[in-house]
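Only one structure is covered here, and it is reproduced in the block below.
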Amino acid sequence: MGGRKVIIEKTERYSDELLGFVITCLFCEAIDISELQSWCAGFLGAEGAPDFLYDLIEFDEPIFKIYKVIGYVPNWSHSKNEEYALYGIALLRGTVPYDMPLSAAEMLDELARLPAIQHMFRKVFPSVVF
């Protein structure tokens, strides 16, 4: 992994990197739209939180249109394996993602191999139980 940080240390403060992680979770189906909306609601009025969070709370379009609401693509720097681990979380939650790039077993293996991803997910979404 080199010197790259997988874990976002400050999950209680809004950042573009944190939003990038949340949106990646949405695209991997580890969270659904209502969980995205709840996450956004938690940051309304927070220091540094952008106004588009209000729009995301009411977002009900196909998820590929989310960047149109935001106006740019927030970046969470991650590897494909870390993304695969998020698919593993979706599977553990009982969702079979529509377009998984690997088998379910391989996704779950990546999640087991990368416990930091599950730890970060639980930190960002403490109310999500699986």
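In the structure tokens, chains take the letters A, B, ... in the order shown, each chain's residues start at 1, and ligands count up from 1 in the order shown.
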Once you count only C-alpha atoms, what closest atom pair and distance in Å to one decimal does each residue of range 49-70 of chain A within 12 Å of range 8-23 of chain A have, with rows by chain and rising residue number, as CSV?
residue,atom,partner,partner_atom,distance
A:Ala49,CA,A:Tyr14,CA,5.8
A:Pro50,CA,A:Tyr14,CA,8.8
A:Asp51,CA,A:Tyr14,CA,12.0
A:Phe52,CA,A:Leu19,CA,11.6
A:Leu53,CA,A:Leu19,CA,10.0
A:Leu56,CA,A:Ile23,CA,11.0
A:Ile63,CA,A:Ile23,CA,9.1
A:Phe64,CA,A:Ile23,CA,10.2
A:Lys65,CA,A:Ile23,CA,11.6
A:Ile66,CA,A:Ile23,CA,8.6
A:Tyr67,CA,A:Ile23,CA,9.5
A:Ile70,CA,A:Leu19,CA,10.2
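Neighbouring residues of Pro62 in chain A at 12 Å or closer, counting only C-alpha atoms and skipping chain neighbours under 3 positions away, are Leu26, Phe27, Asp32, Ile33, Phe59, Lys65, Ile66, Tyr67, Lys68 and Val69 of chain A.
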*Just the residues within 8 Å of Tyr54 in chain A, please, counting only C-alpha atoms, with nothing from its chain fewer than 3 positions along; format it as a ChimeraX atom specification.*
/A:40-41,44,51,57-58
Given the selection you just returned, output its residues as a file containing N, CA and C atoms, formatted as an mmCIF file, in the first residue's frame.
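What landed in selection-v4.cif:
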data_model
loop_
_atom_site.group_PDB
_atom_site.id
_atom_site.type_symbol
_atom_site.label_atom_id
_atom_site.label_comp_id
_atom_site.auth_asym_id
_atom_site.auth_seq_id
_atom_site.Cartn_x
_atom_site.Cartn_y
_atom_site.Cartn_z
ATOM 1 N N CYS A 40 -25.851 12.619 4.963
ATOM 2 C CA CYS A 40 -25.828 14.039 4.590
ATOM 3 C C CYS A 40 -26.497 14.893 5.664
ATOM 4 N N ALA A 41 -27.628 14.435 6.163
ATOM 5 C CA ALA A 41 -28.362 15.189 7.188
ATOM 6 C C ALA A 41 -27.498 15.405 8.425
ATOM 7 N N LEU A 44 -25.387 18.634 7.944
ATOM 8 C CA LEU A 44 -25.989 19.931 7.630
ATOM 9 C C LEU A 44 -25.571 20.958 8.680
ATOM 10 N N ASP A 51 -23.340 23.345 0.570
ATOM 11 C CA ASP A 51 -24.792 23.494 0.450
ATOM 12 C C ASP A 51 -25.438 22.346 -0.316
ATOM 13 N N ILE A 57 -30.017 15.284 0.259
ATOM 14 C CA ILE A 57 -31.014 14.741 1.193
ATOM 15 C C ILE A 57 -32.308 14.406 0.448
ATOM 16 N N GLU A 58 -32.579 15.150 -0.610
ATOM 17 C CA GLU A 58 -33.799 14.920 -1.393
ATOM 18 C C GLU A 58 -33.523 14.170 -2.698
#
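Among the candidates A:Phe43, A:Gly71, A:Gly88, A:Ser77, the residue lying nearest to Phe121 in chain A is A:Gly88 (atoms considered: only C-alpha atoms).
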